[in-house]
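Trainee: Contents of target_27.csv (CSV, C-alpha atoms and all ligand atoms):
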chain,number,residue,atom,x,y,z
A,21,MET,CA,-191.2,74.3,127.7
A,22,LYS,CA,-192.8,71.0,128.3
A,23,ALA,CA,-192.8,70.3,124.6
A,24,GLN,CA,-189.1,71.2,124.5
A,25,LEU,CA,-188.4,68.8,127.3
A,26,GLU,CA,-190.2,66.0,125.6
A,27,GLU,CA,-188.2,66.7,122.5
A,28,ILE,CA,-185.0,66.5,124.5
A,29,ARG,CA,-186.1,63.2,125.9
A,30,THR,CA,-187.2,61.6,122.7
A,31,ARG,CA,-184.0,62.6,120.9
A,32,ALA,CA,-181.7,61.5,123.7
A,33,LEU,CA,-183.4,58.1,124.1
A,34,GLY,CA,-183.5,57.7,120.3
A,35,GLU,CA,-179.8,58.2,120.1
A,36,LEU,CA,-179.1,55.9,123.0
A,37,SER,CA,-180.0,52.8,120.9
A,38,ASP,CA,-178.6,49.4,121.6
A,39,GLU,CA,-176.1,49.9,118.8
A,40,ALA,CA,-174.8,53.3,120.1
A,41,ASP,CA,-171.0,53.3,120.5
A,42,GLU,CA,-169.0,54.8,123.3
A,43,ALA,CA,-168.5,58.1,121.5
A,44,GLN,CA,-172.2,58.5,120.8
A,45,ILE,CA,-173.1,57.7,124.4
A,46,GLU,CA,-170.6,60.2,125.6
A,47,ALA,CA,-171.9,62.9,123.2
A,48,VAL,CA,-175.5,62.4,124.5
A,49,ARG,CA,-174.3,62.6,128.1
A,50,VAL,CA,-172.5,65.8,127.6
A,51,ARG,CA,-175.2,67.4,125.5
A,52,VAL,CA,-178.1,66.5,127.8
A,53,LEU,CA,-176.6,66.2,131.3
A,54,GLY,CA,-173.4,68.2,131.0
A,55,ARG,CA,-172.7,71.4,132.9
A,56,SER,CA,-173.9,73.5,130.0
A,57,GLY,CA,-176.1,70.8,128.7
A,58,GLU,CA,-179.7,71.0,127.6
A,59,LEU,CA,-181.2,70.2,131.0
A,60,THR,CA,-179.0,72.7,132.9
A,61,GLU,CA,-180.0,75.3,130.4
A,62,ILE,CA,-183.7,74.6,131.1
A,63,MET,CA,-183.1,74.9,134.8
A,64,ARG,CA,-181.4,78.2,134.3
A,65,ARG,CA,-184.5,79.4,132.4
A,66,MET,CA,-186.9,78.4,135.3
A,67,ARG,CA,-187.6,82.0,135.9
A,68,GLU,CA,-189.5,82.3,132.7
A,69,VAL,CA,-191.8,79.5,133.7
A,70,PRO,CA,-195.2,80.5,135.3
A,71,PRO,CA,-195.2,79.6,139.0
A,72,ALA,CA,-198.0,77.2,138.6
A,73,GLU,CA,-196.1,75.1,136.1
A,74,LYS,CA,-192.7,75.2,137.9
A,75,PRO,CA,-193.2,72.0,140.0
A,76,LEU,CA,-194.3,70.1,136.9
A,77,VAL,CA,-191.4,71.3,134.8
A,78,GLY,CA,-189.0,70.6,137.7
A,79,ARG,CA,-190.3,67.1,138.0
A,80,LEU,CA,-190.1,66.5,134.3
A,81,VAL,CA,-186.4,67.7,134.2
A,82,ASN,CA,-185.6,65.3,137.0
A,83,GLU,CA,-187.5,62.5,135.4
A,84,ILE,CA,-185.6,63.0,132.0
A,85,LYS,CA,-182.3,63.3,133.8
A,86,ASN,CA,-182.9,60.0,135.7
A,87,GLU,CA,-184.1,58.3,132.7
A,88,VAL,CA,-181.2,59.3,130.5
A,89,GLU,CA,-178.7,58.4,133.3
A,90,ALA,CA,-180.3,55.0,133.7
A,91,ARG,CA,-180.3,54.3,130.0
A,92,ILE,CA,-176.6,55.3,129.8
A,93,ALA,CA,-175.7,53.1,132.8
A,94,GLN,CA,-177.6,50.2,131.2
A,95,LEU,CA,-175.7,50.7,127.9
A,96,VAL,CA,-172.4,50.9,129.7
A,97,GLU,CA,-173.1,47.8,131.7
A,98,HIS,CA,-174.2,46.0,128.5
A,99,ARG,CA,-171.0,46.9,126.7
A,100,ARG,CA,-168.9,45.8,129.7
A,101,ARG,CA,-170.5,42.4,129.7
A,102,GLU,CA,-170.1,42.1,126.0
A,103,ALA,CA,-166.4,42.8,126.2
A,104,LEU,CA,-166.0,40.3,129.1
A,105,SER,CA,-167.6,37.5,127.2
A,106,ARG,CA,-165.6,38.4,124.1
A,107,SER,CA,-162.4,38.1,126.0
A,108,LEU,CA,-163.4,34.9,127.7
A,109,ALA,CA,-164.3,33.4,124.3
A,110,GLU,CA,-160.9,34.4,122.9
A,111,ALA,CA,-159.0,32.9,125.9
A,112,ARG,CA,-161.1,29.7,125.9
A,113,LEU,CA,-159.0,26.6,126.4
A,114,ASP,CA,-160.3,23.4,124.9
A,115,VAL,CA,-159.0,20.8,127.3
A,116,THR,CA,-160.1,18.0,125.0
A,117,LEU,CA,-157.6,19.0,122.3
A,118,PRO,CA,-154.7,16.5,121.9
A,119,GLY,CA,-151.5,17.7,123.6
A,120,LEU,CA,-148.3,18.6,121.8
A,121,ARG,CA,-146.1,15.5,121.9
A,122,MET,CA,-142.4,16.2,122.6
A,123,PRO,CA,-140.4,13.7,120.6
A,124,ARG,CA,-138.4,11.5,123.0
A,125,GLY,CA,-134.7,11.2,122.4
A,126,TRP,CA,-132.4,8.2,122.9
A,127,SER,CA,-128.7,7.5,123.3
A,128,HIS,CA,-126.5,7.3,120.2
A,129,PRO,CA,-125.7,3.7,119.4
A,130,LEU,CA,-122.0,4.3,120.3
A,131,THR,CA,-123.0,5.6,123.7
A,132,GLN,CA,-125.3,2.5,124.2
A,133,THR,CA,-122.4,0.2,123.2
A,134,ARG,CA,-119.9,2.0,125.5
A,135,GLU,CA,-122.3,1.9,128.4
A,136,ARG,CA,-123.1,-1.8,127.9
A,137,MET,CA,-119.3,-2.6,127.7
A,138,LEU,CA,-118.6,-0.6,130.9
A,139,GLU,CA,-121.5,-2.2,132.7
A,140,ILE,CA,-120.1,-5.7,132.1
A,141,PHE,CA,-116.6,-4.7,133.4
A,142,GLU,CA,-118.1,-3.0,136.4
A,143,ALA,CA,-120.1,-6.1,137.2
A,144,MET,CA,-116.7,-7.9,137.2
A,145,GLY,CA,-115.3,-5.4,139.7
A,146,PHE,CA,-113.6,-3.0,137.4
A,147,GLU,CA,-113.7,0.7,138.2
A,148,VAL,CA,-114.3,3.3,135.4
A,149,VAL,CA,-111.7,6.1,135.2
A,150,GLU,CA,-111.6,8.7,132.4
A,151,THR,CA,-108.2,10.2,131.5
A,152,GLN,CA,-107.2,13.0,129.2
A,153,ASP,CA,-107.3,13.2,125.4
A,154,LEU,CA,-104.7,15.9,125.3
A,155,GLU,CA,-101.4,14.1,126.2
A,156,ASP,CA,-97.7,14.5,126.2
A,157,ASP,CA,-95.3,12.1,124.5
A,158,PHE,CA,-94.3,10.4,127.8
A,159,HIS,CA,-97.8,9.2,128.7
A,160,ASN,CA,-98.9,8.3,125.1
A,161,PHE,CA,-95.5,6.7,124.0
A,162,GLY,CA,-92.5,6.9,126.3
A,163,ALA,CA,-93.8,5.3,129.4
A,164,LEU,CA,-95.5,2.7,127.3
A,165,ASN,CA,-92.1,1.5,126.1
A,166,PHE,CA,-92.1,3.0,122.7
A,167,PRO,CA,-88.4,3.8,122.1
A,168,PRO,CA,-87.9,7.3,120.5
A,169,ASP,CA,-87.3,5.9,117.0
A,170,HIS,CA,-89.8,3.1,117.3
A,171,PRO,CA,-91.7,2.8,114.0
A,172,ALA,CA,-95.0,2.4,115.9
A,173,ARG,CA,-94.7,6.1,116.6
A,174,GLU,CA,-95.2,6.8,112.9
A,175,MET,CA,-97.4,3.8,112.5
A,176,GLN,CA,-99.8,5.5,114.8
A,177,ASP,CA,-99.7,8.6,112.7
A,178,THR,CA,-100.2,11.0,115.5
A,179,PHE,CA,-101.7,14.5,115.6
A,180,PHE,CA,-98.9,16.6,117.1
A,181,LEU,CA,-99.9,20.0,118.6
A,182,PRO,CA,-97.7,23.1,118.9
A,183,GLY,CA,-95.8,23.0,122.2
A,184,GLY,CA,-95.0,19.3,122.1
A,185,MET,CA,-98.4,18.0,123.2
A,186,LEU,CA,-100.4,15.5,121.1
A,187,LEU,CA,-103.9,14.0,120.8
A,188,ARG,CA,-103.7,10.5,122.3
A,189,THR,CA,-103.6,7.8,119.7
A,190,HIS,CA,-105.0,5.2,122.1
A,191,THR,CA,-106.4,4.9,125.6
A,192,SER,CA,-103.3,3.2,126.9
A,193,ASN,CA,-102.2,6.5,128.4
A,194,GLY,CA,-104.9,5.7,130.9
A,195,GLN,CA,-102.7,2.8,132.3
A,196,ILE,CA,-99.9,5.3,132.9
A,197,ARG,CA,-102.1,8.1,134.3
A,198,VAL,CA,-103.8,5.8,136.8
A,199,MET,CA,-100.8,3.8,137.9
A,200,GLU,CA,-98.7,6.9,138.4
A,201,ARG,CA,-101.0,8.1,141.1
A,202,ARG,CA,-102.3,4.9,142.6
A,203,SER,CA,-100.9,1.6,143.9
A,204,PRO,CA,-102.0,-2.0,143.2
A,205,PRO,CA,-104.3,-3.8,143.4
A,206,LEU,CA,-106.0,-2.1,140.5
A,207,ALA,CA,-108.8,-3.2,138.2
A,208,ILE,CA,-109.6,-0.2,135.9
A,209,VAL,CA,-111.3,0.5,132.6
A,210,CYS,CA,-110.7,3.8,130.8
A,211,PRO,CA,-113.1,4.8,128.1
A,212,GLY,CA,-112.3,7.7,125.9
A,213,ASN,CA,-111.7,9.3,122.5
A,214,CYS,CA,-108.5,8.7,120.5
A,215,TYR,CA,-107.2,10.4,117.4
A,216,ARG,CA,-105.1,9.2,114.4
A,217,ARG,CA,-104.3,10.8,111.1
A,218,ASP,CA,-106.8,8.6,109.2
A,219,GLU,CA,-109.3,9.7,106.5
A,220,LEU,CA,-112.9,9.0,107.4
A,221,SER,CA,-113.7,5.8,105.6
A,222,VAL,CA,-115.8,2.7,105.9
A,223,ARG,CA,-113.2,1.2,108.4
A,224,ALA,CA,-111.5,4.2,110.0
A,225,SER,CA,-112.1,7.7,111.4
A,226,PRO,CA,-109.6,10.4,112.6
A,227,MET,CA,-111.5,10.4,115.9
A,228,PHE,CA,-112.7,7.2,117.4
A,229,SER,CA,-113.1,5.8,120.9
A,230,GLN,CA,-111.6,2.9,122.8
A,231,ILE,CA,-111.9,1.2,126.2
A,232,GLU,CA,-108.7,0.3,127.9
A,233,GLY,CA,-108.7,-2.2,130.7
A,234,PHE,CA,-106.0,-3.3,133.0
A,235,MET,CA,-105.5,-5.2,136.2
A,236,VAL,CA,-102.4,-5.1,138.4
A,237,ASP,CA,-101.7,-7.1,141.5
A,238,ARG,CA,-98.8,-8.9,143.2
A,239,ALA,CA,-96.5,-10.9,140.9
A,240,GLY,CA,-97.4,-14.6,141.0
A,241,VAL,CA,-101.0,-13.8,141.9
A,242,ILE,CA,-101.9,-12.4,138.5
A,243,SER,CA,-101.2,-14.3,135.3
A,244,MET,CA,-102.1,-14.6,131.6
A,245,ALA,CA,-104.9,-17.0,132.8
A,246,HIS,CA,-106.7,-14.0,134.4
A,247,LEU,CA,-106.3,-12.0,131.2
A,248,LYS,CA,-107.9,-14.9,129.2
A,249,GLY,CA,-110.7,-15.3,131.8
A,250,VAL,CA,-111.6,-11.7,132.0
A,251,ILE,CA,-111.6,-11.2,128.2
A,252,ALA,CA,-113.5,-14.4,127.4
A,253,GLU,CA,-116.1,-13.5,130.1
A,254,PHE,CA,-116.5,-10.0,128.7
A,255,LEU,CA,-116.8,-11.1,125.1
A,256,ARG,CA,-119.4,-13.8,125.8
A,257,ALA,CA,-121.4,-11.4,128.0
A,258,PHE,CA,-121.3,-8.8,125.2
A,259,PHE,CA,-121.7,-10.9,122.0
A,260,GLY,CA,-123.5,-13.9,123.4
A,261,PRO,CA,-122.6,-17.1,125.3
A,262,ASP,CA,-121.9,-19.1,122.2
A,263,THR,CA,-119.2,-16.7,120.9
A,264,GLY,CA,-115.9,-18.4,120.0
A,265,VAL,CA,-112.9,-16.6,121.5
A,266,ARG,CA,-109.4,-17.2,120.2
A,267,PHE,CA,-106.0,-15.7,121.4
A,268,ARG,CA,-103.3,-15.2,118.8
A,269,ALA,CA,-99.7,-14.2,119.6
A,270,SER,CA,-99.0,-10.6,118.6
A,271,PHE,CA,-96.8,-7.7,119.5
A,272,PHE,CA,-97.3,-4.4,121.3
A,273,PRO,CA,-94.3,-2.4,122.9
A,274,PHE,CA,-96.2,-2.2,126.2
A,275,THR,CA,-97.1,-5.8,126.7
A,276,GLU,CA,-95.1,-9.0,126.8
A,277,PRO,CA,-96.3,-11.5,125.9
A,278,SER,CA,-99.0,-9.9,123.7
A,279,ALA,CA,-102.1,-11.4,122.2
A,280,GLU,CA,-104.7,-10.3,119.7
A,281,VAL,CA,-108.1,-11.7,120.4
A,282,ASP,CA,-110.6,-12.9,117.7
A,283,ILE,CA,-114.2,-13.8,118.1
A,284,SER,CA,-116.0,-16.2,115.9
A,285,CYS,CA,-117.6,-14.3,113.0
A,286,LEU,CA,-121.0,-13.2,114.1
A,287,LEU,CA,-122.5,-13.5,110.6
A,288,CYS,CA,-121.5,-17.0,109.7
A,289,LYS,CA,-120.8,-18.3,113.2
A,290,GLY,CA,-117.4,-19.5,112.2
A,291,ALA,CA,-118.3,-21.3,108.9
A,292,GLY,CA,-116.5,-18.7,106.8
A,293,CYS,CA,-118.1,-15.9,104.8
A,294,ARG,CA,-117.3,-12.7,102.8
A,295,VAL,CA,-117.2,-10.5,106.0
A,296,CYS,CA,-114.6,-12.7,107.8
A,297,LYS,CA,-112.8,-13.4,104.5
A,298,GLN,CA,-113.7,-17.1,104.8
A,299,SER,CA,-111.6,-17.4,108.0
A,300,GLY,CA,-114.6,-17.7,110.4
A,301,TRP,CA,-112.9,-15.2,112.8
A,302,THR,CA,-112.9,-11.5,113.4
A,303,GLU,CA,-110.2,-9.5,115.3
A,304,ILE,CA,-111.7,-7.7,118.2
A,305,LEU,CA,-109.0,-6.5,120.6
A,306,GLY,CA,-105.3,-6.2,121.6
A,307,SER,CA,-104.0,-7.5,124.9
A,308,GLY,CA,-101.1,-8.8,126.9
A,309,MET,CA,-99.2,-8.8,130.2
A,310,ILE,CA,-98.0,-5.3,131.1
A,311,HIS,CA,-94.3,-5.0,130.1
A,312,PRO,CA,-91.9,-4.7,133.0
A,313,ASN,CA,-90.6,-1.4,131.5
A,314,VAL,CA,-94.1,0.1,131.7
A,315,LEU,CA,-94.3,-0.9,135.4
A,316,ARG,CA,-90.9,0.7,136.0
A,317,ALA,CA,-92.0,3.9,134.2
A,318,VAL,CA,-94.7,4.4,136.8
A,319,GLY,CA,-92.5,3.4,139.7
A,320,TYR,CA,-93.7,-0.1,140.3
A,321,ASP,CA,-91.2,-2.9,140.9
A,322,PRO,CA,-91.8,-5.6,138.3
A,323,MET,CA,-90.4,-8.2,140.7
A,324,GLN,CA,-93.3,-7.4,143.0
A,325,TYR,CA,-96.1,-6.5,140.7
A,326,ALA,CA,-97.6,-7.9,137.5
A,327,GLY,CA,-100.6,-7.1,135.5
A,328,PHE,CA,-102.5,-7.5,132.2
A,329,ALA,CA,-104.0,-4.9,129.9
A,330,PHE,CA,-106.3,-4.9,126.9
A,331,GLY,CA,-107.7,-2.3,124.6
A,332,MET,CA,-110.5,-2.3,122.1
A,333,GLY,CA,-112.3,0.1,119.8
A,334,ILE,CA,-115.9,1.0,120.6
A,335,GLU,CA,-116.8,1.8,117.0
A,336,ARG,CA,-115.4,-1.5,115.8
A,337,THR,CA,-117.2,-3.4,118.5
A,338,SER,CA,-120.4,-1.6,117.7
A,339,LEU,CA,-120.0,-2.4,114.0
A,340,LEU,CA,-119.7,-6.1,114.7
A,341,LYS,CA,-122.4,-6.2,117.3
A,342,LEU,CA,-125.0,-4.3,115.2
A,343,GLY,CA,-124.0,-5.7,111.8
A,344,VAL,CA,-123.3,-2.2,110.5
A,345,ASP,CA,-120.8,-2.2,107.6
A,346,ASP,CA,-119.8,1.5,107.4
A,347,MET,CA,-118.1,3.4,110.3
A,348,ARG,CA,-119.2,6.8,108.8
A,349,LEU,CA,-122.8,6.0,109.7
A,350,PHE,CA,-121.9,6.5,113.3
A,351,PHE,CA,-120.7,10.0,112.7
A,352,GLU,CA,-123.1,11.3,110.1
A,353,ASN,CA,-126.0,11.2,112.6
A,354,ASP,CA,-128.6,10.6,109.9
A,355,LEU,CA,-131.8,10.1,112.0
A,356,ARG,CA,-132.9,7.3,109.6
A,357,PHE,CA,-129.8,5.3,110.8
A,358,LEU,CA,-129.9,6.4,114.5
A,359,ALA,CA,-133.7,5.7,114.8
A,360,GLN,CA,-133.0,2.0,114.3
A,361,PHE,CA,-131.4,2.0,117.8
A,362,ARG,CA,-134.0,3.9,119.7
A,363,ALA,CA,-135.0,1.0,121.8
A,364,GLY,CA,-131.4,0.4,123.0
A,365,GLU,CA,-130.5,-2.3,120.5
A,366,ALA,CA,-126.8,-1.5,120.9
A,367,ALA,CA,-126.9,-2.2,124.6
A,368,SER,CA,-128.7,-5.5,124.8
B,401,LIG,N1,-103.4,0.4,122.6
B,401,LIG,C1,-103.5,-0.7,121.7
B,401,LIG,C2,-104.2,-0.2,120.4
B,401,LIG,O1,-104.6,1.0,120.4
B,401,LIG,C3,-104.5,-1.8,122.2
B,401,LIG,C4,-103.9,-2.5,123.4
B,401,LIG,C5,-104.1,-2.0,124.7
B,401,LIG,C6,-103.0,-3.6,123.3
B,401,LIG,C7,-103.6,-2.7,125.8
B,401,LIG,C8,-102.5,-4.2,124.3
B,401,LIG,C9,-102.8,-3.8,125.6
B,401,LIG,O2,-104.2,-0.9,119.4
Take the structure I supplied and represent it as structure tokens, if you would.
Ligand code: PHE
Mentor:
Amino acid sequence: MKAQLEEIRTRALGELSDEADEAQIEAVRVRVLGRSGELTEIMRRMREVPPAEKPLVGRLVNEIKNEVEARIAQLVEHRRREALSRSLAEARLDVTLPGLRMPRGWSHPLTQTRERMLEIFEAMGFEVVETQDLEDDFHNFGALNFPPDHPAREMQDTFFLPGGMLLRTHTSNGQIRVMERRSPPLAIVCPGNCYRRDELSVRASPMFSQIEGFMVDRAGVISMAHLKGVIAEFLRAFFGPDTGVRFRASFFPFTEPSAEVDISCLLCKGAGCRVCKQSGWTEILGSGMIHPNVLRAVGYDPMQYAGFAFGMGIERTSLLKLGVDDMRLFFENDLRFLAQFRAGEAAS
């Protein structure tokens, strides 16, 4: 029986090698230590052992049992450590690796231009008010003194919508919207999108943006001199202190008198070149004293109040400022174009 026990021990420990996997370990445990395992079987056959040998066999059974248990515990512990260090190695974080750089965005050049323009007007005391793109005939035309059959209504080539609404053709609706609900004195700028039935081309786009400005105060207090002062101040702040500014008589239904404003050509500085068609000047905005009929339309008495207004295109202003020669570039959003303005070039 002693020999049999030694055999059990040798076999078990032989099978419990360092390489033994979980299933092998379990198989040895069941076979040797299990309820109907080899050692249990030996204990059951104790009766057959001569009394003198019993203590010896008993001790040997215990010894083998302890030894096999200890070996199994050792192997299990060993595998547990191995699994732990494997998972730690997998989850290892190398804090010296370079980080993932998130590309930093920047404002669209048109946004930069608009913000810079508004900033200048705000510094002069103007308040920014946004009004609606979706308009009715009254606020886009009627109140602005366009008679029903006025050719400007077609000239503007409006997008009319079902139900009699339209997409505003200019930001001048902002004058009406603001004056209708507020009283003078007013100094307001209204930025916003405008729409006209134009094909997208080098010079035009069916959607573009303008800034409308107007100032209203008591008649006699406000004059064409204020209009000239505000506009010249704005243009020199925006385009540079040496910019030439010229007022030319013009016509708009909603202003009287009206003036178009030119700046000296930014390219040739007034000498005459291809861009300004040798004139030395470039048209930049429309302006004038608010027509008495417009004041009446919003319930202001033209004997008591007077004002001036002006409007200019943001795309056009950007084109001139940045020396860009194709309006479409602003709408195509090609990053090679936009990236030229990532440092805020259109706002400085
Ligand atoms: N609304 C005119 C345009 O779109 C610009 C303008 C505004 C002219 C205010 C005079 C006064 O061309």
Trainee: Could you tell me which of A:Ser192, A:Glu219, A:Leu315, A:Gly249 comes closest to ligand LIG 401 (chain B) if we count all atoms listed in the file?
Mentor: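 Smallest separation from ligand LIG 401 (chain B) among the options: A:Ser192.
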Trainee: Kindly compile the residues surrounding ligand LIG 401 (chain B) within 7 Å, counting all atoms listed in the file, and format them as a PDB file with C-alpha atoms, in the coordinates of the input.
Mentor:
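Listing of selection-v9.pdb after writing:
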ATOM      1  CA  THR A 189    -103.600   7.800 119.700  1.00  0.00           C
ATOM      2  CA  HIS A 190    -105.000   5.200 122.100  1.00  0.00           C
ATOM      3  CA  THR A 191    -106.400   4.900 125.600  1.00  0.00           C
ATOM      4  CA  SER A 192    -103.300   3.200 126.900  1.00  0.00           C
ATOM      5  CA  GLU A 232    -108.700   0.300 127.900  1.00  0.00           C
ATOM      6  CA  PHE A 272     -97.300  -4.400 121.300  1.00  0.00           C
ATOM      7  CA  PHE A 274     -96.200  -2.200 126.200  1.00  0.00           C
ATOM      8  CA  THR A 275     -97.100  -5.800 126.700  1.00  0.00           C
ATOM      9  CA  SER A 278     -99.000  -9.900 123.700  1.00  0.00           C
ATOM     10  CA  LEU A 305    -109.000  -6.500 120.600  1.00  0.00           C
ATOM     11  CA  GLY A 306    -105.300  -6.200 121.600  1.00  0.00           C
ATOM     12  CA  SER A 307    -104.000  -7.500 124.900  1.00  0.00           C
ATOM     13  CA  GLY A 308    -101.100  -8.800 126.900  1.00  0.00           C
ATOM     14  CA  ALA A 329    -104.000  -4.900 129.900  1.00  0.00           C
ATOM     15  CA  PHE A 330    -106.300  -4.900 126.900  1.00  0.00           C
ATOM     16  CA  GLY A 331    -107.700  -2.300 124.600  1.00  0.00           C
ATOM     17  CA  MET A 332    -110.500  -2.300 122.100  1.00  0.00           C
TER      18      MET A 332
END
Trainee: Show me, as a list in words, the residues that have an atom within 10 Å of Arg201 of chain A when counting all atoms listed in the file, minus same-chain residues fewer than 3 positions from it.
Mentor: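 Within the cut-off, the hits are Ile196, Arg197, Val198, Val318 and Gly319 of chain A.
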Trainee: Point out the residue among A:Gly145, A:Leu154, A:Arg217, A:Glu83 with the least atom-to-atom distance to Pro182 of chain A, counting only C-alpha atoms.
Mentor: A:Leu154
Trainee: Near segment 233-240 of chain A, within 10 Å and counting all atoms listed in the file, which residues show up once chain neighbours fewer than 3 positions away are dropped, as a PyMOL selection string?
Mentor: chain A and resi 141+146-149+191-192+194-195+199+203-211+230+243+246-247+250-251+307-310+315+321-332
Trainee: What separation in Å, quoted to one decimal, exists between atom CA of Glu174 of chain A and atom CA of Met227 of chain A?
Mentor: 17.0 Å
Trainee: Have a look at atom CA of Leu104 of chain A and atom CA of Glu42 of chain A and let me know their distance in Å, one decimal.
Mentor: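 Answer for the atom CA of Leu104 of chain A to atom CA of Glu42 of chain A separation: 15.9 Å.
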Trainee: Please report the interatomic distance between atom CA of Gly212 of chain A and atom CA of Asp157 of chain A in Å with one decimal.
Mentor: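 Separation of atom CA of Gly212 of chain A and atom CA of Asp157 of chain A: 17.6 Å.
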Trainee: Using all atoms listed in the file, determine which residues lie at most 12 Å from Pro168 of chain A, disregarding the query and same-chain residues fewer than 5 positions distant; provide the list as number ranges by chain.
Mentor: A: 157-158, 160-163, 173-174, 273
Trainee: Go ahead and write the residues just picked, C-alpha atoms, as a PDB file, in the frame of the given file.
Mentor:
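Output saved as selection_19.pdb:
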ATOM      1  CA  ASP A 157     -95.300  12.100 124.500  1.00  0.00           C
ATOM      2  CA  PHE A 158     -94.300  10.400 127.800  1.00  0.00           C
ATOM      3  CA  ASN A 160     -98.900   8.300 125.100  1.00  0.00           C
ATOM      4  CA  PHE A 161     -95.500   6.700 124.000  1.00  0.00           C
ATOM      5  CA  GLY A 162     -92.500   6.900 126.300  1.00  0.00           C
ATOM      6  CA  ALA A 163     -93.800   5.300 129.400  1.00  0.00           C
ATOM      7  CA  ARG A 173     -94.700   6.100 116.600  1.00  0.00           C
ATOM      8  CA  GLU A 174     -95.200   6.800 112.900  1.00  0.00           C
ATOM      9  CA  PRO A 273     -94.300  -2.400 122.900  1.00  0.00           C
TER      10      PRO A 273
END
Trainee: Taking the structure I provided as the source, export segment 131-152 of chain A with C-alpha atoms, as a compact mmCIF listing (two decimals), in the first residue's frame.
Mentor:
# COMPACT_ATOMS: atom_id res chain seq x y z
CA THR A 131 -17.86 86.32 -40.22
CA GLN A 132 -14.59 88.01 -39.38
CA THR A 133 -15.46 90.92 -41.68
CA ARG A 134 -18.98 91.27 -40.28
CA GLU A 135 -17.73 91.23 -36.70
CA ARG A 136 -15.07 93.83 -37.43
CA MET A 137 -17.60 96.10 -39.17
CA LEU A 138 -20.06 95.84 -36.28
CA GLU A 139 -17.30 96.44 -33.77
CA ILE A 140 -16.47 99.78 -35.41
CA PHE A 141 -20.12 100.86 -35.41
CA GLU A 142 -20.58 99.74 -31.82
CA ALA A 143 -17.56 101.81 -30.81
CA MET A 144 -19.36 104.81 -32.36
CA GLY A 145 -22.44 104.12 -30.23
CA PHE A 146 -24.54 102.09 -32.68
CA GLU A 147 -26.61 99.21 -31.36
CA VAL A 148 -26.78 95.90 -33.25
CA VAL A 149 -30.30 94.63 -33.98
CA GLU A 150 -31.04 91.60 -36.16
CA THR A 151 -34.31 91.54 -38.05
CA GLN A 152 -36.03 88.91 -40.15
